Amino acid sequence: MDAGNVLKAPININDLLNGGAEFQIDTDFNDHEGDDYFIEDDYGSADEDEDKYKQFLTPWDRTFEELRQEMELVSEHIYKRITKAGVGEELPDNTQVTVDYNAFFEKEMKPFDSSTLRDKPLRLVLGSHSVLPGFEEAIRTMRVSEEAQFLISYQLLYGEVGCPPRIKPKADALFVIRITSASPVVDGDALSKLNETERRSYQMVKDRVIQIRQYAKDCFKRNLIPKAIAKYLEAVNTLQLCHLKDETEQEEQQKTLIALYTSLAVCYNRRDQPKDACRMVNAMRNLCDVNKNAKILYQEGKALMKIGEYDRSRKCLLGAQKLEPQDENIQRTLKELNECSSKHQIEEKKIWTRAFGLVNSKGENDTAEETTLLEDIRKSMQVFLEDEKCNTLSLPDHFSEKEVLILERLADEFNLKLNIQMNNNKKHYKFQK
C-alpha cells in the first residue's frame, strides 16, 4: 500500500478550523531513508521469536470432542497423547517431580495457567494431593523426560461450578505437560533423628547419609548453597564418629567421605569461599591420592586461582586435564587462569619495579606517594606472614641481578627464604617461610 507523501511545512490547526489553510506536498520524500542503519541482529531472529511464541499457544484449535478421537483413554475422565517418549518406569508415590506445563480451555489460543509463562517449573510430591486430582493422575502415567497432552474432564479439575469469571462451569481443559526430573523424597533431618547409640553404628548411619546427600544435592540445584553445605558437613561429622567393624566398612566410609568432601569443595567454590574449598581438598589427601581424581584437582585449581596461587592452580588444572582431556570446564578454567595470571604478572611487575626504585633510594627524602607504596609492600608481606595456611609467596619473573639482591634484602628483613628455581631455562622466584 502507498504510504503517501509528506507535507513540506506543518499545518496550523487554528487556521485549518477558522477559514482553512494552504499546504505543499514534498513529492520527493523517501519514507525508507535510514533503513540501512538498522541491523537485524540487534533485534534477534524473527523465527526464534515466533518459535518461542508458539510454545504459549494451544496445540489444538478445534473442539475437544474431535481431540478425544485422536487420543488414548487413560481413565473415565482423562485422555492422553504422547508427543515425546520418556525413560524409566511410571512414577510411584512419594516421588518429587518437576514439571513444565501449559493449560488451555477449549478454543482458547492462550493458556489460562502456565509454568512456562512464569518461567518457574512446578515441583510437587506424588501422593501429597497438593494439586488438582486430574493433573496429578495425568502425571502418574508419565515417565521422566516424557512430553504429553492430556484432555482432562472438569470432574477432576474445577468441578461443575468452576471459578468464575476466570474458569467457567464444567470446564474441561487441555494440559501440555513435560517432566524434567523426578527423585525419591528424602528426609533432610534423617541424621538428627538418630540417638547417640544409633549414631555410633555405621549400618544405621550409612542409609541416612544417602538421604542427606540427596537432600543436599537438591538444595544445591535450587541454589540453597548454605543449606547444602550444612547438610554435607552434618553427614561428614556423623560418619567420622561411627564405629567401623571391618575393612569393608572402612572402605565404604572413606569412599563416601571423599564424595562428601568433593561436594563441599564445589559448594564453597560456588559461594566464593576458596580457602574453605582448599580445606576440603586437604582433608581428602588423608583419604586418597587426589592427583588421580580429576574432579578434586579441578575444584582445587579453581580455588587456588581465586586466591591468587596461579602456579599451583595451573599445576592442578593441568593434572585434571591430563585425566580428562575432553572436559570443557577444565579447558575454560585454564583459559581464564592464563588471562588472570598474565594480568596479575603485569601489575605485580609494575609494583615491584617501583618498589625496587624506592629501596635503591632509601635514605633520601621519600615523597608521600613513595612512602605509601613502601607501606603497601610491607603490608602485603605482613599478610603473607600472618597466613598460617600459606607458606609460599610467588613473585614475578625476569628480575635483574640488582633486583635479586634487593629481594634478598627484603627476605632478610622479613626473616624469609628466597627460593630460586629453574624451569625450562626460566628462573622462578618465591619467598618461603
# chains A, B, ... in the order shown; residues from 1 in each chain; ligands from 1
>>> closest_atom_pairs(of="range 153-265 of chain A", to="range 130-143 of chain A", cutoff="12 Å", atoms="only C-alpha atoms", output="tab-separated table")
residue	atom	partner	partner_atom	distance
A:Ser153	CA	A:Gly134	CA	7.9
A:Tyr154	CA	A:Gly134	CA	8.6
A:Gln155	CA	A:Gly134	CA	8.2
A:Leu156	CA	A:Gly134	CA	4.6
A:Leu157	CA	A:Leu132	CA	5.8
A:Tyr158	CA	A:Leu132	CA	8.0
A:Gly159	CA	A:Leu132	CA	10.5
A:Asp172	CA	A:Gly134	CA	10.5
A:Ala173	CA	A:Gly134	CA	10.0
A:Leu174	CA	A:Phe135	CA	10.3
A:Phe175	CA	A:Phe135	CA	8.1
A:Val176	CA	A:Ala138	CA	10.4
A:Ile177	CA	A:Ile139	CA	8.0
A:Arg178	CA	A:Met142	CA	8.8
A:Ile179	CA	A:Arg143	CA	7.1
A:Thr180	CA	A:Arg143	CA	9.5
A:Ser181	CA	A:Arg143	CA	9.2
A:Ala182	CA	A:Arg143	CA	8.8
A:Ser183	CA	A:Arg143	CA	11.6
>>> select_by_dssp(residues="range 76-179 of chain A", states="helix (DSSP H, G or I)", output="PyMOL selection string")
chain A and resi 115-118+133-140+154-156
>>> residues_around(residues="Ala235 in chain A", least_positions_apart="2", cutoff="10 Å", atoms="only C-alpha atoms", output="ChimeraX atom specification")
/A:191,205-206,208-213,216,229-233,237-240,256-257,260
>>> select_by_dssp(residues="range 62-212 of chain A", states="strand (DSSP E)", output="ChimeraX atom specification")
/A:72-75,78-84,95-104,113-114,122-125,147-152,173-184
>>> write_last_selection(atoms="C-alpha atoms", output="PDB file, in the first residue's frame")
ATOM      1  CA  GLU A  72      -5.982 -42.830  24.068  1.00  0.00           C
ATOM      2  CA  LEU A  73      -8.320 -43.342  27.010  1.00  0.00           C
ATOM      3  CA  VAL A  74      -6.456 -43.388  30.321  1.00  0.00           C
ATOM      4  CA  SER A  75      -9.461 -43.370  32.657  1.00  0.00           C
ATOM      5  CA  ILE A  78      -8.634 -38.465  31.145  1.00  0.00           C
ATOM      6  CA  TYR A  79      -7.414 -38.888  27.563  1.00  0.00           C
ATOM      7  CA  LYS A  80      -3.722 -38.843  26.597  1.00  0.00           C
ATOM      8  CA  ARG A  81      -1.455 -38.365  23.582  1.00  0.00           C
ATOM      9  CA  ILE A  82       2.351 -38.761  23.907  1.00  0.00           C
ATOM     10  CA  THR A  83       4.411 -36.298  21.835  1.00  0.00           C
ATOM     11  CA  LYS A  84       7.820 -37.382  23.157  1.00  0.00           C
ATOM     12  CA  THR A  95       8.349 -39.106  44.303  1.00  0.00           C
ATOM     13  CA  GLN A  96       9.328 -35.460  43.965  1.00  0.00           C
ATOM     14  CA  VAL A  97       8.594 -34.374  40.407  1.00  0.00           C
ATOM     15  CA  THR A  98       9.497 -31.213  38.499  1.00  0.00           C
ATOM     16  CA  VAL A  99       7.163 -30.433  35.592  1.00  0.00           C
ATOM     17  CA  ASP A 100       6.680 -27.725  32.996  1.00  0.00           C
ATOM     18  CA  TYR A 101       3.115 -27.290  31.753  1.00  0.00           C
ATOM     19  CA  ASN A 102       0.607 -25.151  29.840  1.00  0.00           C
ATOM     20  CA  ALA A 103      -3.161 -25.467  30.321  1.00  0.00           C
ATOM     21  CA  PHE A 104      -5.821 -24.381  27.793  1.00  0.00           C
ATOM     22  CA  ASP A 113      -2.361 -21.379  33.542  1.00  0.00           C
ATOM     23  CA  SER A 114       1.303 -21.845  32.582  1.00  0.00           C
ATOM     24  CA  LEU A 122       6.262 -26.720  39.239  1.00  0.00           C
ATOM     25  CA  ARG A 123       7.607 -29.046  41.944  1.00  0.00           C
ATOM     26  CA  LEU A 124       5.257 -31.489  43.635  1.00  0.00           C
ATOM     27  CA  VAL A 125       5.321 -34.727  45.590  1.00  0.00           C
ATOM     28  CA  GLU A 147       6.109 -34.844  26.922  1.00  0.00           C
ATOM     29  CA  ALA A 148       2.390 -35.458  26.546  1.00  0.00           C
ATOM     30  CA  GLN A 149      -1.003 -33.827  26.013  1.00  0.00           C
ATOM     31  CA  PHE A 150      -3.919 -34.623  28.320  1.00  0.00           C
ATOM     32  CA  LEU A 151      -7.585 -33.812  27.923  1.00  0.00           C
ATOM     33  CA  ILE A 152      -8.966 -33.769  31.480  1.00  0.00           C
ATOM     34  CA  ALA A 173      -9.011 -28.464  29.874  1.00  0.00           C
ATOM     35  CA  LEU A 174      -6.097 -29.467  27.682  1.00  0.00           C
ATOM     36  CA  PHE A 175      -2.816 -29.832  29.613  1.00  0.00           C
ATOM     37  CA  VAL A 176       0.534 -29.966  27.802  1.00  0.00           C
ATOM     38  CA  ILE A 177       2.991 -31.450  30.332  1.00  0.00           C
ATOM     39  CA  ARG A 178       6.721 -32.229  30.337  1.00  0.00           C
ATOM     40  CA  ILE A 179       8.506 -33.989  33.218  1.00  0.00           C
ATOM     41  CA  THR A 180      12.009 -32.551  33.625  1.00  0.00           C
ATOM     42  CA  SER A 181      13.148 -34.536  36.686  1.00  0.00           C
ATOM     43  CA  ALA A 182      11.999 -36.974  39.350  1.00  0.00           C
ATOM     44  CA  SER A 183      13.628 -38.299  42.515  1.00  0.00           C
ATOM     45  CA  PRO A 184      12.546 -40.048  45.727  1.00  0.00           C
TER      46      PRO A 184
END
>>> closest_residue(among="A:Gln203, A:Asn419, A:Gln432, A:Thr63", to="Asp246 in chain A", atoms="only C-alpha atoms")
A:Gln203
>>> atom_distance(atom1="CA of Pro169 in chain A", atom2="CA of Arg118 in chain A")
25.4 Å
>>> atom_distance(atom1="CA of Ala277 in chain A", atom2="CA of Cys219 in chain A")
18.2 Å
>>> closest_residue(among="A:Arg270, A:Leu287, A:Ala265, A:Arg199", to="Glu300 in chain A", atoms="only C-alpha atoms")
A:Ala265
>>> atom_distance(atom1="CA of Leu297 in chain A", atom2="CA of Pro226 in chain A")
22.8 Å
